[in-house]
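Undergrad: Okay, here's the structure, questions in a sec.
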Amino acid sequence: MLPMPKISITRLCSVLLCLLTLSSGAVLAAPPEGYKFLSLTAASEQASAANKPMLLYFGRYGCSTCRKMHAEVFSDAALNKQYNSEFVLAYVDTESGNRIRLANGETTTEMQFASRSRILGTPTFIFFSPEQKPLFKKAGFQSIEQMNHYGDFVAQGHYRTMSLQDYLASL
Amino acid sequence: MKFRVAALCLVLAALPAQATERWKFDTRLAVTGDPVSGVYPHLDGAGRKHIAVASQSVATTWEDNRSGTPQVYVARKTNDQDRFSAAMQVSDGGEAYEPAIASLPQNRFVLAWEQDGAIHARILSDSGLGTSAKLSSAASSHVSLASFGAQIFASWREQQDRLWFVKVAALSVTAAGKLGVESITSAEAIGLETQVLFPSIAVNDAGLCVAWEDRRAGHTRLLVSSSSDQAQSFGEPQHLNEFLSNRNQYDQGNGVTRVSLASFAQDEILAAWMDKRRGGLGYGIFAALGSDGGAIFGPNEKVHGEAGDKQPHYNPAVAGNSNGDFVVAWDDFRRGDSDIWLSAYNDDEEWSQDFSPAIASGAGEQSHPAVALDDQGRLHLLWMERGDMNAPGRLWYSRAMPR
């Protein structure tokens with residue numbers, strides 16, 4: 001696994017593991033077309049029920065790098081098939097007021113959730129194991145090849161035996 | 001050489017002192033009690049108008065789930081009291097969120113909030129809370145308030161038949177002390193298929209203006225529209241934030257969010273917001289000064305100082321008074337945990353160095369400020385404190401005297 005700031009993984013674990021339900025019908029701002037992105041709560045519930053890994057995509061309405069990835073990366077048919085079939089997909093709009101209800105009873109917004117998670121830029125991707133454990137975070141533009149490798153690393157279970165860094169070096 | 005180094009150290013040491021001497025803060029007062037397991041207060045309203053100062057008292061409003069569901073509360077104190085009243089529940093529905101408050105003559109306040117998808121408002125006087133009035137007619141949220149003397153204006157977003165509007169209501173207080181609705185107008189007559197978010201409103205002698213997050217361009221821009229006829233009609237919306245990004249074919253402008261407006265002097269408006277023009281560094285705090293009641297705004301100005309240039313900043317709140325004083329407050333975690341930070345113009349009419357009041361910094365997460373400035377130049381600061389970001393929270397207040 002690539003090194004992540006300690007504070008980030010701690011915060012992500014503590015926030016995401018206590019996430020339970022979204023209270024409002026979230027309007028997804030701008031996830032890529034052709035992908036089965038859900039609200040974070042729906043995705044968390046579905047991933048837990050299906051025992052599947054989850055990709056959490058922090059995006060922003062109008063984000064230029066997000067648009068570039070949508071046009072040049074998420075448009076790839078093989079990548080679409082890989083992520084739609086092997087992952088449950090969650091999207092959070094980092095500027096939205098859509099409300100999120102946490103398991104501890106707290107209700108907050110997607111924007112506040114993103115700031116607590118210290119998401120500095122978009123797109124930011126966080127990959128979760130089927131046990132809903134956050135594995136690693138990637139921020140900024142990612143190529144088709146990189147997204148393929150990240151997907152394989154998680155979906156094929158390589159994360160159980162090696163770090164992402166070691167996995168990428170072994171390819 | 002030693003003398004030069006010593007002199008430089010003295011100069012550097014003196015700089016933060018100059019900034020912190022603008023106001024002297026009193027001891028903090030608890031607005032809510034000790035943190036309670038499972039109870040989470042929030043200060044997340046549109047324009048962050050959670051504190052207001054009347055002639056003889058200060059009042060604060062927030063949302064928390066102490067009753068088992070999110071509801072809106074208010075607490076107040078007179079100027080000579082050293083503790084706030086017990087929290088009074090303002091909302092009376094299933095769930096309520098994101099309240100706002102503004103002051104009125106005769107030591108009264110007006111409150112507005114979202115309740116079960118609609119906007120409600122009521123008066124708080126020395127005799128307690130008045131009757132609640134429903135302001136909106138369709139699914140609504142993100143309400144903000146402003147007052148000028150006895151004039152009250154509320155803004156919110158409303159969705160009618162899938163189209164989004166920014167609504168502005170002119171309100172009044174009847175002789176019997178009840179809240180009356182004089183008019184409700186859309187800032188733009190034509191609804192949008194794309195969202196509008198978190199409008200903030202300000203009013204002064206020259207007029208009123210409302211600013212909001214607008215997504216019609218395919219990304220978020222801040223728009224501002226003003227009215228000189230007490231919200232009966234509004235001018236064509238103008239762009240508030242400047243567009244600095246144009247890096248490639250996909251780039252239409254940087255992210256901007258959560259604008260806050262306040263009136264200062266006789267006819268001027270301060271706007272501050274979170275602005276992502278710095279790219280991967282996260283949001284900076286940027287501002288613009290408007291004149292003629294917000295009909296015209298000057299260029300965008302970076303509020304935070306160099307020490308915060310490489311850090312993200314959140315939750316900007318603004319305040320001004322009739323004497324021309326104004327201030328911007330926000331939170332950031334440049335020192336590890338989140339602290340409250342303030343900036344105001346210095347004598348050169350430039351944004352001062354950032355300063356963090358000792359009573360609103362240190363261990364734990366100090367965040368989500370709301371501010372008010374009275375006409376004596378005293379700064380009233382409300383903020384949230386949590387042991388960590390997922391811990392139960394509490395609200396604190398402190399008043400600062402100008403130096």
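Residues are referred to by chain and number: the chain letter is A, B, ... according to the order shown in the structure tokens, the number counts from 1 in that chain, and ligands are numbered separately from 1 in the order shown.
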If we count only C-alpha atoms, which residues of chain A reach to within 9 Å of chain B? Please list them as a PDB file with N, CA and C atoms, in the first residue's frame.
TA:
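Final output, out35.pdb:
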```pdb
ATOM      1  N   ARG A  11      -8.802   9.570  10.006  1.00  0.00           N
ATOM      2  CA  ARG A  11     -10.061  10.293   9.851  1.00  0.00           C
ATOM      3  C   ARG A  11     -11.010   9.546   8.936  1.00  0.00           C
ATOM      4  N   SER A  14     -12.513   6.615  10.813  1.00  0.00           N
ATOM      5  CA  SER A  14     -13.475   6.975  11.853  1.00  0.00           C
ATOM      6  C   SER A  14     -14.754   7.540  11.275  1.00  0.00           C
ATOM      7  N   VAL A  15     -14.619   8.269  10.184  1.00  0.00           N
ATOM      8  CA  VAL A  15     -15.833   8.847   9.586  1.00  0.00           C
ATOM      9  C   VAL A  15     -16.603   7.799   8.807  1.00  0.00           C
ATOM     10  N   ARG A  60     -16.540  17.111  -7.714  1.00  0.00           N
ATOM     11  CA  ARG A  60     -17.096  18.462  -7.549  1.00  0.00           C
ATOM     12  C   ARG A  60     -17.777  18.845  -8.843  1.00  0.00           C
ATOM     13  N   TYR A  61     -18.911  19.496  -8.713  1.00  0.00           N
ATOM     14  CA  TYR A  61     -19.651  19.920  -9.889  1.00  0.00           C
ATOM     15  C   TYR A  61     -18.789  20.885 -10.710  1.00  0.00           C
ATOM     16  N   GLY A  62     -18.462  20.493 -11.930  1.00  0.00           N
ATOM     17  CA  GLY A  62     -17.659  21.352 -12.793  1.00  0.00           C
ATOM     18  C   GLY A  62     -16.166  21.144 -12.683  1.00  0.00           C
ATOM     19  N   CYS A  63     -15.740  20.217 -11.860  1.00  0.00           N
ATOM     20  CA  CYS A  63     -14.301  19.949 -11.662  1.00  0.00           C
ATOM     21  C   CYS A  63     -13.650  19.568 -12.992  1.00  0.00           C
ATOM     22  N   SER A  64     -12.606  20.295 -13.381  1.00  0.00           N
ATOM     23  CA  SER A  64     -12.023  20.088 -14.709  1.00  0.00           C
ATOM     24  C   SER A  64     -11.302  18.745 -14.813  1.00  0.00           C
ATOM     25  N   THR A  65     -10.573  18.357 -13.771  1.00  0.00           N
ATOM     26  CA  THR A  65      -9.861  17.079 -13.836  1.00  0.00           C
ATOM     27  C   THR A  65     -10.855  15.918 -13.821  1.00  0.00           C
ATOM     28  N   CYS A  66     -11.967  16.109 -13.108  1.00  0.00           N
ATOM     29  CA  CYS A  66     -13.016  15.081 -13.142  1.00  0.00           C
ATOM     30  C   CYS A  66     -13.549  14.937 -14.561  1.00  0.00           C
ATOM     31  N   ARG A  67     -13.798  16.062 -15.211  1.00  0.00           N
ATOM     32  CA  ARG A  67     -14.312  16.023 -16.589  1.00  0.00           C
ATOM     33  C   ARG A  67     -13.312  15.339 -17.522  1.00  0.00           C
ATOM     34  N   LYS A  68     -12.044  15.650 -17.308  1.00  0.00           N
ATOM     35  CA  LYS A  68     -11.002  15.043 -18.144  1.00  0.00           C
ATOM     36  C   LYS A  68     -10.987  13.525 -17.952  1.00  0.00           C
ATOM     37  N   GLU A  95     -19.249  19.838  -2.635  1.00  0.00           N
ATOM     38  CA  GLU A  95     -19.818  21.158  -2.340  1.00  0.00           C
ATOM     39  C   GLU A  95     -21.320  21.091  -2.096  1.00  0.00           C
ATOM     40  N   SER A  96     -21.862  19.902  -1.982  1.00  0.00           N
ATOM     41  CA  SER A  96     -23.319  19.820  -1.900  1.00  0.00           C
ATOM     42  C   SER A  96     -23.811  19.941  -0.458  1.00  0.00           C
ATOM     43  N   GLY A  97     -25.066  20.297  -0.339  1.00  0.00           N
ATOM     44  CA  GLY A  97     -25.726  20.347   0.973  1.00  0.00           C
ATOM     45  C   GLY A  97     -26.545  19.105   1.248  1.00  0.00           C
ATOM     46  N   ASN A 104     -23.831   7.288  14.462  1.00  0.00           N
ATOM     47  CA  ASN A 104     -23.885   7.818  15.833  1.00  0.00           C
ATOM     48  C   ASN A 104     -25.055   8.784  16.029  1.00  0.00           C
ATOM     49  N   GLY A 105     -25.863   8.957  15.021  1.00  0.00           N
ATOM     50  CA  GLY A 105     -27.024   9.825  15.138  1.00  0.00           C
ATOM     51  C   GLY A 105     -26.811  11.204  14.556  1.00  0.00           C
ATOM     52  N   GLU A 106     -25.594  11.522  14.214  1.00  0.00           N
ATOM     53  CA  GLU A 106     -25.313  12.845  13.671  1.00  0.00           C
ATOM     54  C   GLU A 106     -25.734  12.940  12.208  1.00  0.00           C
ATOM     55  N   THR A 107     -26.303  14.068  11.858  1.00  0.00           N
ATOM     56  CA  THR A 107     -26.639  14.358  10.475  1.00  0.00           C
ATOM     57  C   THR A 107     -25.765  15.502   9.996  1.00  0.00           C
ATOM     58  N   THR A 108     -25.110  15.304   8.868  1.00  0.00           N
ATOM     59  CA  THR A 108     -24.262  16.351   8.319  1.00  0.00           C
ATOM     60  C   THR A 108     -24.424  16.370   6.811  1.00  0.00           C
ATOM     61  N   THR A 109     -23.708  17.237   6.144  1.00  0.00           N
ATOM     62  CA  THR A 109     -23.836  17.344   4.687  1.00  0.00           C
ATOM     63  C   THR A 109     -22.635  16.698   3.999  1.00  0.00           C
ATOM     64  N   GLN A 112     -19.595  18.914   4.397  1.00  0.00           N
ATOM     65  CA  GLN A 112     -18.941  18.830   5.689  1.00  0.00           C
ATOM     66  C   GLN A 112     -18.224  17.488   5.843  1.00  0.00           C
ATOM     67  N   SER A 115     -14.964  17.816   3.993  1.00  0.00           N
ATOM     68  CA  SER A 115     -13.963  18.624   4.694  1.00  0.00           C
ATOM     69  C   SER A 115     -13.422  17.880   5.904  1.00  0.00           C
ATOM     70  N   ARG A 116     -14.279  17.144   6.610  1.00  0.00           N
ATOM     71  CA  ARG A 116     -13.796  16.321   7.726  1.00  0.00           C
ATOM     72  C   ARG A 116     -12.815  15.266   7.242  1.00  0.00           C
ATOM     73  N   ARG A 118     -10.883  15.661   4.977  1.00  0.00           N
ATOM     74  CA  ARG A 118      -9.729  16.424   4.501  1.00  0.00           C
ATOM     75  C   ARG A 118      -9.411  16.122   3.042  1.00  0.00           C
ATOM     76  N   ILE A 119     -10.453  16.175   2.247  1.00  0.00           N
ATOM     77  CA  ILE A 119     -10.308  16.034   0.806  1.00  0.00           C
ATOM     78  C   ILE A 119      -9.935  17.404   0.254  1.00  0.00           C
ATOM     79  N   LEU A 120      -8.727  17.547  -0.221  1.00  0.00           N
ATOM     80  CA  LEU A 120      -8.241  18.853  -0.664  1.00  0.00           C
ATOM     81  C   LEU A 120      -8.559  19.136  -2.119  1.00  0.00           C
ATOM     82  N   GLY A 121      -8.628  18.102  -2.923  1.00  0.00           N
ATOM     83  CA  GLY A 121      -8.866  18.317  -4.343  1.00  0.00           C
ATOM     84  C   GLY A 121      -9.742  17.217  -4.918  1.00  0.00           C
ATOM     85  N   THR A 122     -10.266  17.480  -6.091  1.00  0.00           N
ATOM     86  CA  THR A 122     -11.073  16.482  -6.776  1.00  0.00           C
ATOM     87  C   THR A 122     -10.504  16.260  -8.170  1.00  0.00           C
ATOM     88  N   GLY A 140      -6.336  13.275  -7.789  1.00  0.00           N
ATOM     89  CA  GLY A 140      -5.927  13.822  -9.069  1.00  0.00           C
ATOM     90  C   GLY A 140      -6.154  12.865 -10.218  1.00  0.00           C
TER      91      GLY A 140
END
```
Undergrad: Could you build a table of the residues in range 48-121 of chain A lying no more than 9 Å from range 152-165 of chain A, giving for each the nearest pair of atoms and their separation in Å rounded to one decimal place, using only C-alpha atoms, ordered by chain and ascending residue number, as CSV?
TA:
```
residue,atom,partner,partner_atom,distance
A:Lys52,CA,A:Ala155,CA,8.1
A:Pro53,CA,A:Ala155,CA,6.6
A:Gln82,CA,A:Asp152,CA,8.7
A:Glu86,CA,A:Ala155,CA,6.4
A:Phe87,CA,A:Ala155,CA,7.5
```
Undergrad: Please identify all polymer residues within 8 Å of Asp76 in chain A, counting only C-alpha atoms, omitting same-chain residues fewer than 4 positions from it, and present them as a ChimeraX atom specification.
TA: /A:72,80,144
Undergrad: Grab the residues selected above and save them as a PDB file, in the first residue's frame with N, CA and C atoms.
TA:
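Written out: result23.pdb:
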```
ATOM      1  N   GLU A  72     -11.643  10.858 -20.850  1.00  0.00           N
ATOM      2  CA  GLU A  72     -10.473  10.138 -21.339  1.00  0.00           C
ATOM      3  C   GLU A  72     -10.209   8.822 -20.615  1.00  0.00           C
ATOM      4  N   ASN A  80     -15.117   0.464 -17.698  1.00  0.00           N
ATOM      5  CA  ASN A  80     -16.524   0.522 -17.317  1.00  0.00           C
ATOM      6  C   ASN A  80     -17.000  -0.850 -16.859  1.00  0.00           C
ATOM      7  N   ILE A 144      -6.174   5.279 -17.447  1.00  0.00           N
ATOM      8  CA  ILE A 144      -6.912   4.013 -17.580  1.00  0.00           C
ATOM      9  C   ILE A 144      -6.102   2.876 -16.980  1.00  0.00           C
TER      10      ILE A 144
END
```
Undergrad: Env of Ala372 in chain B: 10 Å cut, atoms = only C-alpha atoms, seq-sep filter 5 positions within chain, self excluded. Answer as a PyMOL selection string.
TA: chain B and resi 49-53+58+102+262+317-321+326-327+377-382+399
Undergrad: Quick one: pick out all strand (DSSP E or B) residues within range 30-91 of chain A from a backbone DSSP run and write them as an MDAnalysis selection string.
TA: chainID A and resid 37:38 54:59 88:91
Undergrad: Those residues you just picked out, can you put them in a file as a PDB file, in the first residue's frame with C-alpha atoms?
TA:
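out_0.pdb, freshly written:
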```pdb
ATOM      1  CA  PHE A  37     -22.769   5.436  -8.954  1.00  0.00           C
ATOM      2  CA  LEU A  38     -24.948   5.568  -5.862  1.00  0.00           C
ATOM      3  CA  MET A  54     -16.403  -0.133  -2.883  1.00  0.00           C
ATOM      4  CA  LEU A  55     -14.923   2.800  -4.751  1.00  0.00           C
ATOM      5  CA  LEU A  56     -15.739   6.170  -3.188  1.00  0.00           C
ATOM      6  CA  TYR A  57     -15.353   9.055  -5.641  1.00  0.00           C
ATOM      7  CA  PHE A  58     -15.153  12.572  -4.207  1.00  0.00           C
ATOM      8  CA  GLY A  59     -16.016  14.888  -7.071  1.00  0.00           C
ATOM      9  CA  VAL A  88     -20.031  -0.884  -5.710  1.00  0.00           C
ATOM     10  CA  LEU A  89     -19.614   2.769  -6.676  1.00  0.00           C
ATOM     11  CA  ALA A  90     -20.273   5.752  -4.387  1.00  0.00           C
ATOM     12  CA  TYR A  91     -20.167   9.428  -5.305  1.00  0.00           C
TER      13      TYR A  91
END
```
Undergrad: Quick one: DSSP alpha helix (DSSP H) residues in range 66-167 of chain A, as JSON, numbers by chain?
TA: {"A": [66, 67, 68, 69, 70, 71, 72, 77, 78, 79, 80, 81, 82, 83, 84, 85, 86, 110, 111, 112, 113, 114, 115, 116, 144, 145, 146, 147, 148, 149, 150, 151, 152, 153, 154, 155, 164, 165, 166, 167]}
Undergrad: Please save C-alpha atoms of the selected residues as a tab-separated table (two decimals), in the first residue's frame.
TA:
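Heads up, here's the output in again.tsv:
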```
chain	number	residue	atom	x	y	z
A	66	CYS	CA	-13.02	15.08	-13.14
A	67	ARG	CA	-14.31	16.02	-16.59
A	68	LYS	CA	-11.00	15.04	-18.14
A	69	MET	CA	-11.15	11.66	-16.46
A	70	HIS	CA	-14.75	11.18	-17.52
A	71	ALA	CA	-13.82	11.89	-21.14
A	72	GLU	CA	-10.47	10.14	-21.34
A	77	ALA	CA	-15.31	0.22	-22.18
A	78	ALA	CA	-13.12	-2.28	-20.37
A	79	LEU	CA	-12.78	-0.01	-17.36
A	80	ASN	CA	-16.52	0.52	-17.32
A	81	LYS	CA	-17.09	-3.24	-17.30
A	82	GLN	CA	-14.49	-3.80	-14.61
A	83	TYR	CA	-15.80	-1.21	-12.17
A	84	ASN	CA	-19.51	-1.74	-12.79
A	85	SER	CA	-19.17	-5.48	-12.22
A	86	GLU	CA	-16.53	-5.74	-9.53
A	110	GLU	CA	-21.69	15.87	1.95
A	111	MET	CA	-19.60	19.03	1.97
A	112	GLN	CA	-18.94	18.83	5.69
A	113	PHE	CA	-18.18	15.12	5.32
A	114	ALA	CA	-15.62	15.91	2.62
A	115	SER	CA	-13.96	18.62	4.69
A	116	ARG	CA	-13.80	16.32	7.73
A	144	ILE	CA	-6.91	4.01	-17.58
A	145	GLU	CA	-3.97	1.77	-16.82
A	146	GLN	CA	-3.68	3.05	-13.26
A	147	MET	CA	-7.39	2.62	-12.62
A	148	ASN	CA	-7.19	-0.90	-14.07
A	149	HIS	CA	-4.34	-1.78	-11.74
A	150	TYR	CA	-6.05	-0.28	-8.69
A	151	GLY	CA	-9.19	-2.21	-9.52
A	152	ASP	CA	-7.33	-5.48	-9.92
A	153	PHE	CA	-5.36	-4.92	-6.72
A	154	VAL	CA	-8.57	-4.60	-4.73
A	155	ALA	CA	-11.02	-6.85	-6.56
A	164	LEU	CA	-0.21	-1.40	-3.58
A	165	GLN	CA	3.31	-0.14	-4.14
A	166	ASP	CA	4.68	-3.69	-4.21
A	167	TYR	CA	1.83	-4.84	-6.41
```
Undergrad: Taking 3 positions as the minimum chain separation for residues in the same chain, which residues sit within 10 Å of range 180-187 of chain B when counting only C-alpha atoms? Answer as number ranges by chain.
TA: B: 121-122, 133-136, 152-158, 165-174, 177, 190-191, 209-211, 224-227, 230-237
